[in-house]
Structure formats: C-alpha cells, structure tokens
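A.B. asks: Sharing data-v5.cif here; it has mmCIF, C-alpha atoms.
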```
data_input
#
loop_
_atom_site.label_atom_id
_atom_site.label_comp_id
_atom_site.auth_asym_id
_atom_site.auth_seq_id
_atom_site.Cartn_x
_atom_site.Cartn_y
_atom_site.Cartn_z
CA MET A 20 16.88 -53.28 47.44
CA SER A 21 14.52 -56.11 46.64
CA ASP A 22 11.86 -54.32 48.67
CA LEU A 23 12.21 -51.39 46.31
CA PHE A 24 11.45 -53.50 43.25
CA LYS A 25 8.97 -55.74 45.07
CA ASN A 26 6.37 -53.02 45.52
CA MET A 27 7.15 -51.36 42.14
CA ASN A 28 4.24 -49.97 40.25
CA LEU A 29 4.06 -47.65 37.22
CA ALA A 30 4.05 -44.41 39.24
CA ARG A 31 7.14 -45.39 41.23
CA PHE A 32 8.90 -46.53 38.04
CA ILE A 33 8.25 -43.16 36.36
CA ILE A 34 9.53 -41.26 39.41
CA MET A 35 12.69 -43.37 39.59
CA MET A 36 13.44 -42.87 35.87
CA THR A 37 12.86 -39.09 35.85
CA VAL A 38 15.42 -38.34 38.56
CA PRO A 39 18.48 -39.63 36.61
CA LEU A 40 17.10 -38.17 33.36
CA ALA A 41 16.65 -34.77 35.02
CA ILE A 42 20.24 -34.86 36.28
CA GLY A 43 21.46 -35.79 32.79
CA LEU A 44 19.43 -32.98 31.17
CA ALA A 45 20.81 -30.46 33.69
CA VAL A 46 24.39 -31.43 32.79
CA PHE A 47 23.64 -31.27 29.03
CA GLU A 48 21.87 -27.86 29.38
CA SER A 49 24.82 -26.44 31.28
CA GLY A 50 27.21 -27.38 28.48
CA GLN A 51 24.88 -26.00 25.80
CA ALA A 52 24.35 -22.73 27.72
CA GLU A 53 28.11 -22.16 27.80
CA ARG A 54 28.32 -22.82 24.06
CA VAL A 55 25.44 -20.44 23.28
CA ALA A 56 26.99 -17.74 25.49
CA SER A 57 30.35 -18.00 23.67
CA ILE A 58 28.67 -17.83 20.23
CA GLN A 59 26.51 -14.89 21.34
CA ALA A 60 29.57 -13.01 22.60
CA GLY A 61 31.32 -13.53 19.26
CA LEU A 62 28.33 -12.28 17.25
CA ASP A 63 27.29 -9.27 19.30
CA GLY A 64 29.47 -6.70 17.54
CA PRO A 65 29.42 -7.57 13.84
CA VAL A 66 25.87 -8.92 13.60
CA TYR A 67 24.23 -5.96 15.32
CA THR A 68 26.29 -3.55 13.23
CA LEU A 69 25.26 -5.38 10.05
CA LEU A 70 21.61 -5.45 11.12
CA SER A 71 21.58 -1.70 11.77
CA GLN A 72 23.21 -1.07 8.38
CA ILE A 73 20.62 -3.26 6.63
CA GLN A 74 17.81 -1.44 8.41
CA GLN A 75 19.25 1.97 7.44
CA LEU A 76 19.65 0.90 3.81
CA GLY A 77 16.07 -0.39 3.81
CA ASP A 78 14.82 2.95 5.14
CA ASP A 79 16.86 4.81 2.50
CA HIS A 80 15.49 2.55 -0.24
CA THR A 81 11.91 3.14 0.91
CA ARG A 82 12.42 6.91 1.04
CA LEU A 83 14.03 7.04 -2.41
CA THR A 84 11.35 4.79 -3.91
CA ASN A 85 8.64 7.04 -2.51
CA GLU A 86 10.40 10.09 -3.94
CA LEU A 87 10.71 8.43 -7.34
CA ASN A 88 7.07 7.35 -7.36
CA GLY A 89 6.01 10.82 -6.24
CA GLU A 90 7.57 12.64 -9.15
CA GLY A 91 6.15 12.68 -12.64
CA LEU A 92 9.47 11.90 -14.30
CA LYS A 93 10.23 8.26 -13.51
CA GLY A 94 13.32 6.32 -14.44
CA ASP A 95 14.01 6.64 -18.16
CA ALA A 96 10.68 8.32 -19.04
CA ALA A 97 11.04 10.92 -21.76
CA PRO A 98 11.23 14.42 -20.27
CA GLN A 99 9.30 15.76 -23.29
CA THR A 100 6.35 13.58 -22.31
CA TYR A 101 6.59 14.82 -18.74
CA ILE A 102 6.71 18.47 -19.83
CA ARG A 103 3.74 18.03 -22.17
CA SER A 104 1.71 16.28 -19.46
CA ILE A 105 2.31 19.21 -17.08
CA ALA A 106 1.42 21.75 -19.78
CA THR A 107 -1.90 20.05 -20.53
CA SER A 108 -2.88 19.24 -16.93
CA ASN A 109 -6.04 20.75 -15.44
CA ARG A 110 -4.12 22.93 -13.04
CA VAL A 111 -1.94 24.55 -15.70
CA GLU A 112 -3.88 24.61 -19.01
CA ILE A 113 -1.09 25.91 -21.24
CA GLY A 114 -1.91 23.40 -23.96
CA ASP A 115 0.43 22.01 -26.55
CA VAL A 116 4.04 23.16 -26.47
CA LYS A 117 7.05 22.93 -28.78
CA ILE A 118 10.11 21.42 -27.17
CA SER A 119 13.64 21.43 -28.55
CA GLU A 120 16.47 19.57 -26.88
CA SER A 121 20.18 20.26 -26.61
CA LYS A 122 22.96 18.64 -24.60
CA ARG A 123 26.07 19.90 -22.90
CA THR A 124 28.71 18.46 -20.59
CA PRO A 125 29.58 20.94 -17.81
CA PHE A 126 31.77 18.43 -15.93
CA THR A 127 33.38 15.12 -16.74
CA GLY A 128 30.81 12.36 -16.35
CA ILE A 129 27.87 14.79 -16.08
CA GLU A 130 25.44 15.56 -18.89
CA ASP A 131 22.91 18.39 -18.94
CA ARG A 132 19.90 18.01 -21.20
CA ILE A 133 18.41 21.41 -21.88
CA TYR A 134 14.83 21.60 -23.13
CA THR A 135 13.57 24.86 -24.63
CA ILE A 136 9.80 25.18 -24.27
CA ARG A 137 7.58 27.49 -26.32
CA PRO A 138 3.80 27.55 -26.79
CA PHE A 139 2.76 25.73 -29.97
CA ASP A 140 0.76 28.78 -31.05
CA SER A 141 3.18 31.70 -30.77
CA GLU A 142 0.32 34.22 -31.08
CA ARG A 143 -1.67 32.87 -28.15
CA GLY A 144 -1.32 34.74 -24.87
CA PHE A 145 -1.42 33.40 -21.33
CA GLN A 146 -1.96 35.07 -18.01
CA ARG A 147 1.17 35.38 -15.90
CA LEU A 148 -0.44 33.16 -13.30
CA LYS A 149 -0.72 30.27 -15.77
CA VAL A 150 2.84 30.68 -17.00
CA SER A 151 4.23 30.83 -13.48
CA ASN A 152 2.08 27.87 -12.40
CA PHE A 153 3.39 25.86 -15.36
CA LEU A 154 7.01 26.58 -14.44
CA TYR A 155 6.32 25.92 -10.77
CA ARG A 156 4.70 22.54 -11.53
CA LEU A 157 7.68 21.50 -13.68
CA GLU A 158 9.97 21.80 -10.68
CA GLU A 159 7.48 20.77 -8.00
CA ASP A 160 6.55 17.41 -9.50
CA SER A 161 10.10 16.30 -10.36
CA SER A 162 13.40 16.60 -8.54
CA ARG A 163 15.29 16.07 -11.82
CA ILE A 164 13.93 19.07 -13.76
CA LYS A 165 14.99 22.64 -12.94
CA VAL A 166 13.85 25.81 -14.69
CA THR A 167 17.05 27.60 -15.74
CA ASP A 168 15.90 30.43 -18.04
CA ILE A 169 12.65 32.33 -18.66
CA SER A 170 11.70 34.94 -21.22
CA ILE A 171 8.21 36.49 -20.97
CA ASP A 172 6.96 38.92 -23.62
CA ILE A 173 3.68 40.75 -24.20
CA ALA A 174 1.43 38.71 -26.48
CA GLN A 175 -0.14 41.79 -28.18
CA ARG A 176 1.78 42.99 -31.21
CA ARG A 177 2.25 46.58 -32.31
CA ILE A 178 0.91 48.15 -29.14
CA LYS A 179 1.20 51.90 -28.75
CA ASN A 180 3.15 53.36 -25.83
CA HIS A 181 0.16 55.08 -24.21
CA ILE A 182 -2.06 51.96 -24.17
CA VAL A 183 -1.92 49.57 -21.19
CA PRO A 184 -1.58 46.05 -22.55
CA ASP A 185 -3.79 43.15 -21.51
CA ASP A 186 -2.44 40.60 -19.06
CA GLU A 187 -1.63 38.26 -21.95
CA TRP A 188 1.91 36.99 -22.29
CA THR A 189 3.91 34.57 -24.39
CA PHE A 190 6.95 32.83 -23.03
CA THR A 191 10.07 30.84 -23.75
CA ALA A 192 11.50 28.73 -20.95
CA GLN A 193 14.49 26.47 -20.59
CA VAL A 194 14.55 23.54 -18.20
CA THR A 195 17.58 21.43 -17.44
CA SER A 196 17.83 17.80 -16.43
CA ARG A 197 21.27 16.90 -15.06
CA GLN A 198 22.34 13.27 -14.93
CA ALA A 199 25.41 11.12 -14.84
CA LYS A 200 26.63 9.71 -18.14
#
```
Now that the file is in, can you turn its structure into structure tokens?

C.D. replies:
Amino acid sequence: MSDLFKNMNLARFIIMMTVPLAIGLAVFESGQAERVASIQAGLDGPVYTLLSQIQQLGDDHTRLTNELNGEGLKGDAAPQTYIRSIATSNRVEIGDVKISESKRTPFTGIEDRIYTIRPFDSERGFQRLKVSNFLYRLEEDSSRIKVTDISIDIAQRRIKNHIVPDDEWTFTAQVTSRQAK
C-alpha cells in the first residue's frame, strides 16, 4: 500500500478520487431517477389534460379576438356610430341617415335593440345596388347586427301608371342587435 502512495503524483491522485466519486454519483442518480419516474407517472394524466385545455382555450381566445377586431362594432361601441360609418363609407355612399332605437325582450335575459334606419333626406333616391350594398355591409362587417326588415319605395312622387320610373328608390330598414342583459 505504501508503494501506491510512494509514487503518487497529481494524475494518479485524480484517477483514484474519481472512481469512488463516480460510484457515489451512480448510486445518487439511480435514486433520483426512480423519484423522477414516480413523479412523472403521477403527473402524466392531469397535467397533459390541463395543458391541452389551456391550449384549446388560447386558440379559442385568439379566434374570438380576431373576429371581434374584424368587425366594425367592437365591444360597447354605439351601433348608431357603426351604422353611420357604413352608410358614409366609400363603398356604400348612402350619406347621412336617421336612426331611431327601440328595445324589446323576446326571452328572459335577452334584449333586442332594434334600429330603424331612414335616409336623412326622404326625397333623395338611391339605386337598388347602393341600398342592397348598404344592407349587405351592415351584416358583413359585424356578427352582432342583422337586417330584420326592409321597405323599399320608388323615390319619384306622383308618377303616372304608363311611365316607367327611374331606378331611384328610398328605403326604411330595421336592424337588430341581440345581446344578453
């Protein structure tokens, strides 16, 4: 044994110390591996289920946020402002409109807000294409607004039966926004 320590140098000392340390680390790692395996087995079911639910809710939130941002009527924005912005947009060009509001409760906990829309100038006529585009844009740009009633009349007054009227029309439309109370 004295021969072992007699010719001891740094390299031999390091080799002799690493062997018992390696054995000790192997024993410690074995115990920790068993502990990790038991914890992993206990978490497999509930954690993965919770993670998939969180991911699904995140996807739903993203989709709903994109839908909300995509429509002109956001959150608590006034529907009258939304309707007027559609009427004056470049694609529609109806101009200023008169809007009257009424409310009704078709079911418990549900409130319908009904907006009656008329052109500000009741004598002004519009082509059917503009009127239909206006009503289309109201529903297209918002999932909360639905056109529920339309009345289209000839804009020319006192026209004789044998005369073909111009393609000029006036309209009255009702849109409904349904929401929970």

A.B. asks: Could you list the residues chosen by the PyMOL selection byres ((chain A and resi 174-176) around 7) in this structure as a PyMOL selection string?

C.D. replies: chain A and resi 142-144+172-173+177-178+187-189

A.B. asks: Using Å and a single decimal, report how far CA of Ala97 (chain A) sits from CA of Ser162 (chain A).

C.D. replies: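 Separation between CA of Ser162 (chain A) and CA of Ala97 (chain A): 14.6 Å.
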
A.B. asks: What separation in Å, quoted to one decimal, exists between CA of Arg123 (chain A) and CA of Ser141 (chain A)?

C.D. replies: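 According to the coordinates, CA of Arg123 (chain A) and CA of Ser141 (chain A) are separated by 26.9 Å.
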
A.B. asks: Which polymer residues have any atom within 8 Å of an atom of Asp168 (chain A), counting only C-alpha atoms, with same-chain residues fewer than 4 positions away left out, as a PDB file with C-alpha atoms, in the coordinates of the input?

C.D. replies:
```pdb
ATOM      1  CA  ALA A 192      11.500  28.730 -20.950  1.00  0.00           C
ATOM      2  CA  GLN A 193      14.490  26.470 -20.590  1.00  0.00           C
ATOM      3  CA  VAL A 194      14.550  23.540 -18.200  1.00  0.00           C
TER       4      VAL A 194
END
```

A.B. asks: Considering all atoms listed in the file, can you say which of A:Ser151, A:Ser104, A:Thr195, A:Lys25 comes closest to Ser121 (chain A)?

C.D. replies: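 Closest to Ser121 (chain A) of all the choices is A:Thr195.
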
A.B. asks: Counting only C-alpha atoms, which residues come within 6 Å of (11.5, 24.7, -27.1), with the point read in the file's coordinates, and could you list them as a ChimeraX atom specification?

C.D. replies: /A:117-119,135-137

A.B. asks: Do you have the CA of Val66 (chain A)-CA of Arg54 (chain A) distance handy?

C.D. replies: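 For CA of Val66 (chain A) relative to CA of Arg54 (chain A), the distance reads 17.6 Å.
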
A.B. asks: Give me the residues within 12 Å of Glu112 (chain A) as a ChimeraX atom specification, counting only C-alpha atoms and dropping any in the same chain fewer than 6 places off.

C.D. replies: /A:103-106,138,144-146,148-154,156

A.B. asks: Kindly provide, as AutoDock Vina command-line options, the centre and edge lengths (Å, one decimal) of an axis-aligned box around all atoms of region 158-177 of chain A given in the file, with 5 Å on each side.

C.D. replies:
```
--center_x 8.5 --center_y 31.3 --center_z -20.2 --size_x 27.2 --size_y 40.5 --size_z 34.3
```

A.B. asks: Which residue out of A:Ile113, A:Ala199, A:Val166, A:Leu62 has the minimum interatomic distance to Thr127 (chain A) when only C-alpha atoms are used?

C.D. replies: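 Residue with the minimum atom-to-atom distance to Thr127 (chain A): A:Ala199.
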
A.B. asks: Skip Ser196 (chain A) itself and residues of its chain fewer than 3 positions away, then list as an MDAnalysis selection string all residues within 6 Å of it, counting all atoms listed in the file.

C.D. replies: chainID A and resid 131:132 163:164

A.B. asks: So that I can look at just that part, could you write region 168-195 of chain A with N, CA and C atoms, as a compact mmCIF listing (two decimals), in the first residue's frame?

C.D. replies:
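Result file is part18.txt:
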```txt
# COMPACT_ATOMS: atom_id res chain seq x y z
N ASP A 168 -85.82 43.82 -41.30
CA ASP A 168 -86.97 44.30 -42.06
C ASP A 168 -86.51 45.36 -43.06
N ILE A 169 -87.09 45.31 -44.28
CA ILE A 169 -86.73 46.26 -45.32
C ILE A 169 -88.01 46.72 -46.01
N SER A 170 -88.08 48.01 -46.28
CA SER A 170 -89.16 48.56 -47.09
C SER A 170 -88.51 49.48 -48.12
N ILE A 171 -88.72 49.16 -49.42
CA ILE A 171 -88.14 49.95 -50.50
C ILE A 171 -89.28 50.51 -51.33
N ASP A 172 -89.28 51.83 -51.53
CA ASP A 172 -90.32 52.51 -52.30
C ASP A 172 -89.69 53.34 -53.40
N ILE A 173 -90.46 53.61 -54.44
CA ILE A 173 -89.99 54.46 -55.54
C ILE A 173 -89.80 55.87 -55.02
N ALA A 174 -88.68 56.48 -55.38
CA ALA A 174 -88.37 57.83 -54.89
C ALA A 174 -89.20 58.89 -55.60
N GLN A 175 -89.58 58.67 -56.86
CA GLN A 175 -90.38 59.66 -57.62
C GLN A 175 -91.80 59.69 -57.07
N ARG A 176 -92.30 60.87 -56.89
CA ARG A 176 -93.67 61.04 -56.39
C ARG A 176 -94.61 61.33 -57.56
N ARG A 177 -95.84 60.97 -57.38
CA ARG A 177 -96.91 61.24 -58.35
C ARG A 177 -96.53 60.80 -59.77
N ILE A 178 -96.13 59.59 -59.90
CA ILE A 178 -95.78 59.05 -61.22
C ILE A 178 -97.01 58.40 -61.84
N LYS A 179 -97.17 58.61 -63.12
CA LYS A 179 -98.33 58.06 -63.82
C LYS A 179 -98.09 56.58 -64.12
N ASN A 180 -99.17 55.84 -64.27
CA ASN A 180 -99.10 54.39 -64.43
C ASN A 180 -98.37 53.97 -65.70
N HIS A 181 -98.43 54.75 -66.76
CA HIS A 181 -97.85 54.34 -68.04
C HIS A 181 -96.36 54.74 -68.16
N ILE A 182 -95.82 55.46 -67.20
CA ILE A 182 -94.43 55.89 -67.24
C ILE A 182 -93.57 54.92 -66.41
N VAL A 183 -92.44 54.50 -67.00
CA VAL A 183 -91.51 53.63 -66.28
C VAL A 183 -90.65 54.51 -65.36
N PRO A 184 -90.67 54.23 -64.08
CA PRO A 184 -89.91 55.08 -63.16
C PRO A 184 -88.40 54.87 -63.30
N ASP A 185 -87.65 55.86 -62.85
CA ASP A 185 -86.19 55.75 -62.80
C ASP A 185 -85.81 54.72 -61.73
N ASP A 186 -84.58 54.26 -61.81
CA ASP A 186 -84.08 53.32 -60.80
C ASP A 186 -83.60 54.12 -59.59
N GLU A 187 -84.52 54.85 -58.99
CA GLU A 187 -84.25 55.65 -57.80
C GLU A 187 -85.25 55.23 -56.73
N TRP A 188 -84.72 54.85 -55.58
CA TRP A 188 -85.54 54.28 -54.53
C TRP A 188 -85.21 54.93 -53.19
N THR A 189 -86.19 54.95 -52.31
CA THR A 189 -85.96 55.34 -50.93
C THR A 189 -86.26 54.11 -50.07
N PHE A 190 -85.75 54.07 -48.89
CA PHE A 190 -85.86 52.84 -48.11
C PHE A 190 -86.05 53.15 -46.63
N THR A 191 -86.56 52.15 -45.95
CA THR A 191 -86.59 52.10 -44.49
C THR A 191 -86.16 50.69 -44.12
N ALA A 192 -85.18 50.60 -43.25
CA ALA A 192 -84.66 49.28 -42.85
C ALA A 192 -84.60 49.19 -41.34
N GLN A 193 -84.79 47.99 -40.85
CA GLN A 193 -84.62 47.73 -39.42
C GLN A 193 -83.51 46.72 -39.25
N VAL A 194 -82.61 47.03 -38.33
CA VAL A 194 -81.56 46.09 -37.97
C VAL A 194 -81.69 45.78 -36.49
N THR A 195 -81.32 44.58 -36.12
CA THR A 195 -81.46 44.16 -34.73
C THR A 195 -80.11 43.70 -34.19
```
